[in-house]
Amino acid sequence: MLTRRLLLPLCAVLLATAAALQAQGPMTFPNPQSRVLTHREQNALVTPWIARRFDTVLPGLMARTGIDMWILPTREYNEDPVFRSMSPLTYFASRRRTILVFYNPGGGRPVERYSIGRFDYDKLYTMYPTSNDGQHEGLRKLVEEKQPKVIGINESDAWNHADGITANEKRRLVEALGPVYAARVKSAEMLAVGWLEVKMPEELEAYRHAMQVAHMIIREAFSNTVITPGTTTSQDVVWWMRQRVAELGLESWFQPSVTIWRKGGNLTTMQGVIQPGDMLHTDFGIVYMGFSTDTQHNAYVLRPGETDAPQGLKDGLAKANRLQDLTMQYAKVGRTGNQALRDALSQATRERIVPSIYCHAIGYHGHAAGPPIGMTDYQEGVPVRGDYAFLPNTWHSIELNATHAVPEWDNLAVRFALEEDAAILPDGSWDWVDGRQTQFYLIRP
């Protein structure tokens with residue numbers, strides 16, 4: 001686990017890397033209202049990012065974990081979870097079997113990267129050529145040439161992102177290595193987590209653009225352009241959102257949801273016609289430039305004569321905003337997810353907020369590698385992963401809810417759920433990727 005002794009030098013490496021990259025200047029992206037990047041434009045950004053990450057992020061991570069060779073066997077349509085973050089957008093899957101190998105020679109020299117097989121993935125790797133059935137023989141030759149002291153493979157109990165090697169691939173790998181090198185194999189779980197977790201400044205600027213697109217789609221969905229009260233159903237909105245993502249040439253990583261709350265309760269089946277006086281909640285995420293977003297926002301359908309949501313609803317939303325503040329206040333670099341959870345819940349209770357916190361890292365995956373701050377069914381702390389410490393240059397989805405009794409709805413206990421993506425910057429401070437919701441979207445009757 002990431003102790004303070006390991007955390008401090010790693011932070012220094014990440015800060016130095018961020019300073020060098022920031023000197024390259026900011027990137028500009030189109031206004032989402034006009035257009036999103038074409039697939040070709042996206043790939044022109046993503047491929048150089050991967051190469052730069054290999055040169056700037058990976059060496060420090062390999063040194064931190066004491067692994068001088070990292071081996072990732074991956075097969076077509078059964079890829080390691082890390083694979084997508086290491087391949088250009090021109091590849092939709094691993095080609096046949098591919099074995100990726102990273103070797104850190106030390107001494108400040110670049111990490112060497114190899115693809116054993118027939119593909120160099122748009123020249124991101126030095127190809128170590130073999131036939132489709134000869135990768136393991138090629139692997140043995142490469143290992144004997146480099147003579148690594150510690151070999152890491154993606155095998156983990158606690159971290160699903162770092163458990164990509166299958167039983168068959170591990171068996172084949174061990175056989176290929178032979179007893180001498182097989183004895184040097186250990187889990188690369190924290191190397192895989194670190195690789196997925198740590199981001200570069202230019203990636204953050206691109207992620208801001210991705211979040212603007214996600215927020216734009218939610219604004220459109222929660223408007224009279226899409227919703228006609230008394231006619232439109234919650235499922236109509238769900239399918240409109242999914243179709244909008246497809247029409248923009250983007251991906252979704254989960255089916256959107258739209259839940260209706262109204263006086264008397266909520267429609268837990270996520271079905272029903274939207275009526276004036278309803279509060280709507282959505283959970284929505286897209287995949288753009290290889291990055292996943294995750295957002296939960298709320299809308300109110302005005303009754304005839306109303307110009308704003310009832311005060312009780314606005315008070316509930318404000319409590320959820322306050323819970324966001326507390327969560328980020330206690331989630332600091334060097335502290336763990338479980339420490340942040342404990343302190344934020346404690347302070348919220350003192351402030352008479354009824355809280356539930358279930359934050360997660362985000363980025364290359366929707367539920368990504370990094371320290372969780374609770375889970376819906378782990379409000380006392382998350383075993384193992386919750387004891388991982390926060391790092392700079394990482395992204396997190398601040399996901400939570402506050403329950404509030406709404407006077408205008410006969411004191412019905414309403415769950416005000418919010419989710420917003422935020423980044424820990426190089427200096428350790430938090431920054432919303434594209435702001436946060438503090439007011440309801442308003443839909444006319």
# chains A, B, ... in the order shown; residues from 1 in each chain; ligands from 1
>>> residues_around(residues="Leu124 (chain A)", least_positions_apart="2", cutoff="10 Å", atoms="only C-alpha atoms", output="list in words")
Thr47, Pro48, Ile50, Ala51, Phe54, Met86, Ser87, Pro88, Arg113, Tyr114, Ser115, Phe119, Asp120, Tyr121, Asp122, Thr126 and Met127 of chain A
>>> residues_around(residues="region 63-71 of chain A", least_positions_apart="2", cutoff="9 Å", atoms="only C-alpha atoms", output="PDB file with C-alpha atoms, in the first residue's frame")
ATOM      1  CA  LEU A   6       6.699   6.153  -0.848  1.00  0.00           C
ATOM      2  CA  LEU A   7       4.189   8.972  -1.315  1.00  0.00           C
ATOM      3  CA  PRO A   9       9.132  10.986  -3.534  1.00  0.00           C
ATOM      4  CA  LEU A  10       6.351  10.044  -5.930  1.00  0.00           C
ATOM      5  CA  LEU A  58       5.787   5.379 -16.182  1.00  0.00           C
ATOM      6  CA  PRO A  59       9.459   5.618 -15.056  1.00  0.00           C
ATOM      7  CA  GLY A  60       8.544   7.058 -11.652  1.00  0.00           C
ATOM      8  CA  LEU A  61       5.810   4.488 -11.149  1.00  0.00           C
ATOM      9  CA  PRO A  73      -0.265 -10.522 -22.035  1.00  0.00           C
ATOM     10  CA  ILE A  99       2.355  -9.338 -25.122  1.00  0.00           C
ATOM     11  CA  LEU A 100       3.341  -5.835 -24.068  1.00  0.00           C
ATOM     12  CA  VAL A 101       6.619  -5.541 -22.166  1.00  0.00           C
ATOM     13  CA  PHE A 102       8.011  -2.489 -20.384  1.00  0.00           C
ATOM     14  CA  TYR A 103      11.602  -2.533 -19.177  1.00  0.00           C
ATOM     15  CA  ASN A 104      13.131   0.149 -16.971  1.00  0.00           C
ATOM     16  CA  PRO A 105      16.932   0.076 -17.400  1.00  0.00           C
ATOM     17  CA  GLY A 106      17.381   2.652 -14.637  1.00  0.00           C
ATOM     18  CA  VAL A 143      13.629 -11.595 -20.762  1.00  0.00           C
ATOM     19  CA  LYS A 146      17.250  -7.873 -20.328  1.00  0.00           C
ATOM     20  CA  PRO A 148      15.127  -8.201 -15.032  1.00  0.00           C
ATOM     21  CA  LYS A 149      15.394  -8.470 -11.255  1.00  0.00           C
ATOM     22  CA  VAL A 150      11.640  -8.047 -10.580  1.00  0.00           C
ATOM     23  CA  ILE A 151       8.890  -8.925 -13.081  1.00  0.00           C
ATOM     24  CA  GLY A 152       5.408  -7.502 -12.546  1.00  0.00           C
ATOM     25  CA  ILE A 153       2.158  -8.999 -13.827  1.00  0.00           C
ATOM     26  CA  ASN A 154      -1.392  -7.695 -13.417  1.00  0.00           C
ATOM     27  CA  LYS A 186       5.196 -10.507  -8.361  1.00  0.00           C
ATOM     28  CA  ALA A 188       2.133  -5.289 -10.365  1.00  0.00           C
ATOM     29  CA  MET A 190       0.076  -0.742  -7.614  1.00  0.00           C
ATOM     30  CA  LEU A 191       1.934  -0.118 -10.854  1.00  0.00           C
TER      31      LEU A 191
END
>>> residues_around(residues="Gln311 (chain A)", least_positions_apart="5", cutoff="12 Å", atoms="only C-alpha atoms", output="compact mmCIF listing (two decimals) with N, CA and C atoms, in the first residue's frame")
# COMPACT_ATOMS: atom_id res chain seq x y z
N TYR A 300 -36.18 20.57 -12.04
CA TYR A 300 -37.53 20.74 -11.48
C TYR A 300 -38.47 21.19 -12.60
N GLU A 306 -45.39 29.14 -11.33
CA GLU A 306 -44.12 29.09 -10.60
C GLU A 306 -42.99 29.63 -11.48
N GLY A 316 -32.62 21.24 0.06
CA GLY A 316 -32.04 19.91 -0.04
C GLY A 316 -30.84 19.87 -0.97
N LEU A 317 -30.95 20.58 -2.10
CA LEU A 317 -29.83 20.64 -3.03
C LEU A 317 -28.64 21.34 -2.39
N ALA A 318 -28.91 22.38 -1.60
CA ALA A 318 -27.83 23.10 -0.92
C ALA A 318 -27.12 22.18 0.08
N HIS A 404 -33.16 14.97 2.78
CA HIS A 404 -33.73 16.17 3.39
C HIS A 404 -35.25 16.09 3.36
N ALA A 405 -35.89 16.43 4.46
CA ALA A 405 -37.36 16.46 4.54
C ALA A 405 -37.86 17.75 3.89
N VAL A 406 -38.72 17.61 2.88
CA VAL A 406 -39.20 18.76 2.11
C VAL A 406 -40.56 19.19 2.66
N PRO A 407 -40.64 20.36 3.30
CA PRO A 407 -41.92 20.79 3.90
C PRO A 407 -43.06 20.86 2.90
N GLU A 408 -42.78 21.34 1.70
CA GLU A 408 -43.84 21.49 0.70
C GLU A 408 -44.39 20.14 0.24
N TRP A 409 -43.67 19.09 0.52
CA TRP A 409 -44.10 17.74 0.14
C TRP A 409 -44.45 16.92 1.39
N GLN A 439 -27.95 24.92 -8.81
CA GLN A 439 -29.33 25.32 -9.03
C GLN A 439 -29.99 24.27 -9.93
N PHE A 440 -31.30 24.10 -9.75
CA PHE A 440 -32.04 23.16 -10.58
C PHE A 440 -32.13 23.66 -12.03
>>> closest_atom_pairs(of="region 151-256 of chain A", to="region 349-372 of chain A", cutoff="9 Å", atoms="only C-alpha atoms", output="CSV")
residue,atom,partner,partner_atom,distance
A:Trp159,CA,A:Ala369,CA,7.6
A:Asn160,CA,A:Ala369,CA,8.3
A:His161,CA,A:Ala369,CA,6.4
A:Ala162,CA,A:Ala369,CA,8.5
A:Ala192,CA,A:Ala369,CA,8.4
A:Val193,CA,A:Ala369,CA,5.3
A:Gly194,CA,A:Ala369,CA,7.7
A:Trp195,CA,A:Ala369,CA,8.9
A:Leu196,CA,A:Ala369,CA,6.1
A:Glu197,CA,A:Ala369,CA,5.6
A:Lys199,CA,A:Gly363,CA,8.6
A:Tyr207,CA,A:Gly363,CA,8.5
A:Trp253,CA,A:Gly366,CA,7.0
A:Phe254,CA,A:Gly366,CA,8.8
>>> write_last_selection(atoms="N, CA and C atoms", output="PDB file, in the first residue's frame")
ATOM      1  N   TRP A 159      -7.780  -5.052  -6.401  1.00  0.00           N
ATOM      2  CA  TRP A 159      -7.898  -4.059  -7.466  1.00  0.00           C
ATOM      3  C   TRP A 159      -8.307  -4.732  -8.763  1.00  0.00           C
ATOM      4  N   ASN A 160      -9.553  -4.562  -9.170  1.00  0.00           N
ATOM      5  CA  ASN A 160     -10.032  -5.205 -10.394  1.00  0.00           C
ATOM      6  C   ASN A 160      -9.302  -4.706 -11.632  1.00  0.00           C
ATOM      7  N   HIS A 161      -8.876  -3.447 -11.644  1.00  0.00           N
ATOM      8  CA  HIS A 161      -8.162  -2.914 -12.799  1.00  0.00           C
ATOM      9  C   HIS A 161      -6.785  -3.535 -12.958  1.00  0.00           C
ATOM     10  N   ALA A 162      -6.268  -4.127 -11.903  1.00  0.00           N
ATOM     11  CA  ALA A 162      -4.910  -4.681 -11.912  1.00  0.00           C
ATOM     12  C   ALA A 162      -4.924  -6.199 -11.881  1.00  0.00           C
ATOM     13  N   ALA A 192      -0.083  -0.889 -11.966  1.00  0.00           N
ATOM     14  CA  ALA A 192      -1.255  -0.750 -12.847  1.00  0.00           C
ATOM     15  C   ALA A 192      -2.183   0.350 -12.340  1.00  0.00           C
ATOM     16  N   VAL A 193      -2.430   0.383 -11.036  1.00  0.00           N
ATOM     17  CA  VAL A 193      -3.290   1.420 -10.458  1.00  0.00           C
ATOM     18  C   VAL A 193      -2.690   2.795 -10.704  1.00  0.00           C
ATOM     19  N   GLY A 194      -1.390   2.936 -10.434  1.00  0.00           N
ATOM     20  CA  GLY A 194      -0.737   4.219 -10.619  1.00  0.00           C
ATOM     21  C   GLY A 194      -0.779   4.690 -12.058  1.00  0.00           C
ATOM     22  N   TRP A 195      -0.539   3.760 -13.003  1.00  0.00           N
ATOM     23  CA  TRP A 195      -0.576   4.126 -14.413  1.00  0.00           C
ATOM     24  C   TRP A 195      -1.952   4.665 -14.808  1.00  0.00           C
ATOM     25  N   LEU A 196      -3.008   4.003 -14.374  1.00  0.00           N
ATOM     26  CA  LEU A 196      -4.363   4.425 -14.727  1.00  0.00           C
ATOM     27  C   LEU A 196      -4.772   5.687 -13.978  1.00  0.00           C
ATOM     28  N   GLU A 197      -4.227   5.868 -12.797  1.00  0.00           N
ATOM     29  CA  GLU A 197      -4.678   6.942 -11.906  1.00  0.00           C
ATOM     30  C   GLU A 197      -4.069   8.296 -12.254  1.00  0.00           C
ATOM     31  N   LYS A 199      -2.575  11.437 -14.155  1.00  0.00           N
ATOM     32  CA  LYS A 199      -2.825  12.081 -15.436  1.00  0.00           C
ATOM     33  C   LYS A 199      -1.831  13.215 -15.683  1.00  0.00           C
ATOM     34  N   TYR A 207     -10.054  16.748 -20.752  1.00  0.00           N
ATOM     35  CA  TYR A 207     -11.169  16.232 -19.950  1.00  0.00           C
ATOM     36  C   TYR A 207     -12.182  17.331 -19.649  1.00  0.00           C
ATOM     37  N   TRP A 253     -20.749   4.533 -21.289  1.00  0.00           N
ATOM     38  CA  TRP A 253     -20.221   3.372 -20.567  1.00  0.00           C
ATOM     39  C   TRP A 253     -21.253   2.769 -19.622  1.00  0.00           C
ATOM     40  N   PHE A 254     -22.436   3.376 -19.549  1.00  0.00           N
ATOM     41  CA  PHE A 254     -23.570   2.760 -18.850  1.00  0.00           C
ATOM     42  C   PHE A 254     -24.842   3.401 -19.385  1.00  0.00           C
TER      43      PHE A 254
END
>>> atom_distance(atom1="CA of Arg75 (chain A)", atom2="CA of Arg97 (chain A)")
4.3 Å
>>> select_by_dssp(residues="region 213-429 of chain A", states="strand (DSSP E)", output="number ranges by chain")
A: 257-262, 265-267, 279-284, 287-288, 291-292, 295-301, 354-357, 359-361, 368-373, 394-406, 412-424
>>> select_by_dssp(residues="region 91-338 of chain A", states="alpha helix (DSSP H)", output="ChimeraX atom specification")
/A:135-146,167-182,189-197,201-221,234-247,311-330,337-338
>>> residues_around(residues="Gln437 (chain A)", least_positions_apart="5", cutoff="10 Å", atoms="only C-alpha atoms", output="list in words")
His215, Thr295, Gln296, His297, Asn298, Leu317, Ala318, Asn321, Leu418, Glu419 and Glu420 of chain A
>>> write_last_selection(atoms="N, CA, C and O atoms", output="PDB file, in the first residue's frame")
ATOM      1  N   HIS A 215     -22.135  17.880 -19.889  1.00  0.00           N
ATOM      2  CA  HIS A 215     -23.057  18.838 -19.271  1.00  0.00           C
ATOM      3  C   HIS A 215     -24.015  19.420 -20.314  1.00  0.00           C
ATOM      4  O   HIS A 215     -25.195  19.678 -20.014  1.00  0.00           O
ATOM      5  N   THR A 295     -21.841  11.948 -14.171  1.00  0.00           N
ATOM      6  CA  THR A 295     -22.528  13.131 -13.648  1.00  0.00           C
ATOM      7  C   THR A 295     -23.921  12.767 -13.165  1.00  0.00           C
ATOM      8  O   THR A 295     -24.633  12.010 -13.833  1.00  0.00           O
ATOM      9  N   GLN A 296     -24.312  13.338 -12.022  1.00  0.00           N
ATOM     10  CA  GLN A 296     -25.697  13.257 -11.561  1.00  0.00           C
ATOM     11  C   GLN A 296     -26.192  14.674 -11.290  1.00  0.00           C
ATOM     12  O   GLN A 296     -25.614  15.392 -10.463  1.00  0.00           O
ATOM     13  N   HIS A 297     -27.239  15.063 -12.012  1.00  0.00           N
ATOM     14  CA  HIS A 297     -27.827  16.390 -11.874  1.00  0.00           C
ATOM     15  C   HIS A 297     -29.325  16.267 -11.653  1.00  0.00           C
ATOM     16  O   HIS A 297     -29.913  15.192 -11.824  1.00  0.00           O
ATOM     17  N   ASN A 298     -29.949  17.393 -11.298  1.00  0.00           N
ATOM     18  CA  ASN A 298     -31.364  17.417 -10.936  1.00  0.00           C
ATOM     19  C   ASN A 298     -32.083  18.569 -11.633  1.00  0.00           C
ATOM     20  O   ASN A 298     -31.497  19.634 -11.865  1.00  0.00           O
ATOM     21  N   LEU A 317     -30.952  20.577  -2.101  1.00  0.00           N
ATOM     22  CA  LEU A 317     -29.826  20.641  -3.027  1.00  0.00           C
ATOM     23  C   LEU A 317     -28.638  21.338  -2.388  1.00  0.00           C
ATOM     24  O   LEU A 317     -27.482  20.915  -2.557  1.00  0.00           O
ATOM     25  N   ALA A 318     -28.915  22.381  -1.600  1.00  0.00           N
ATOM     26  CA  ALA A 318     -27.834  23.096  -0.920  1.00  0.00           C
ATOM     27  C   ALA A 318     -27.119  22.184   0.082  1.00  0.00           C
ATOM     28  O   ALA A 318     -25.894  22.276   0.257  1.00  0.00           O
ATOM     29  N   ASN A 321     -24.768  20.083  -1.837  1.00  0.00           N
ATOM     30  CA  ASN A 321     -23.595  20.882  -2.179  1.00  0.00           C
ATOM     31  C   ASN A 321     -22.632  21.002  -0.997  1.00  0.00           C
ATOM     32  O   ASN A 321     -21.406  20.917  -1.158  1.00  0.00           O
ATOM     33  N   LEU A 418     -26.032  13.982  -6.020  1.00  0.00           N
ATOM     34  CA  LEU A 418     -25.185  14.746  -6.933  1.00  0.00           C
ATOM     35  C   LEU A 418     -23.945  13.931  -7.263  1.00  0.00           C
ATOM     36  O   LEU A 418     -23.468  13.143  -6.438  1.00  0.00           O
ATOM     37  N   GLU A 419     -23.444  14.135  -8.462  1.00  0.00           N
ATOM     38  CA  GLU A 419     -22.163  13.552  -8.840  1.00  0.00           C
ATOM     39  C   GLU A 419     -21.489  14.504  -9.803  1.00  0.00           C
ATOM     40  O   GLU A 419     -22.079  14.926 -10.791  1.00  0.00           O
ATOM     41  N   GLU A 420     -20.249  14.838  -9.483  1.00  0.00           N
ATOM     42  CA  GLU A 420     -19.513  15.796 -10.296  1.00  0.00           C
ATOM     43  C   GLU A 420     -18.040  15.392 -10.310  1.00  0.00           C
ATOM     44  O   GLU A 420     -17.490  14.994  -9.278  1.00  0.00           O
TER      45      GLU A 420
END
>>> atom_distance(atom1="CA of Gly249 (chain A)", atom2="CA of Ala93 (chain A)")
18.4 Å
>>> residues_around(residues="Ala221 (chain A)", least_positions_apart="6", cutoff="10 Å", atoms="only C-alpha atoms", output="ChimeraX atom specification")
/A:215,227,236-238,240-241,244,282,299,441
>>> closest_residue(among="A:Asp308, A:Glu76, A:Glu144, A:Asp315", to="Phe416 (chain A)", atoms="only C-alpha atoms")
A:Asp315
>>> atom_distance(atom1="CA of Ser156 (chain A)", atom2="CA of Val111 (chain A)")
23.5 Å
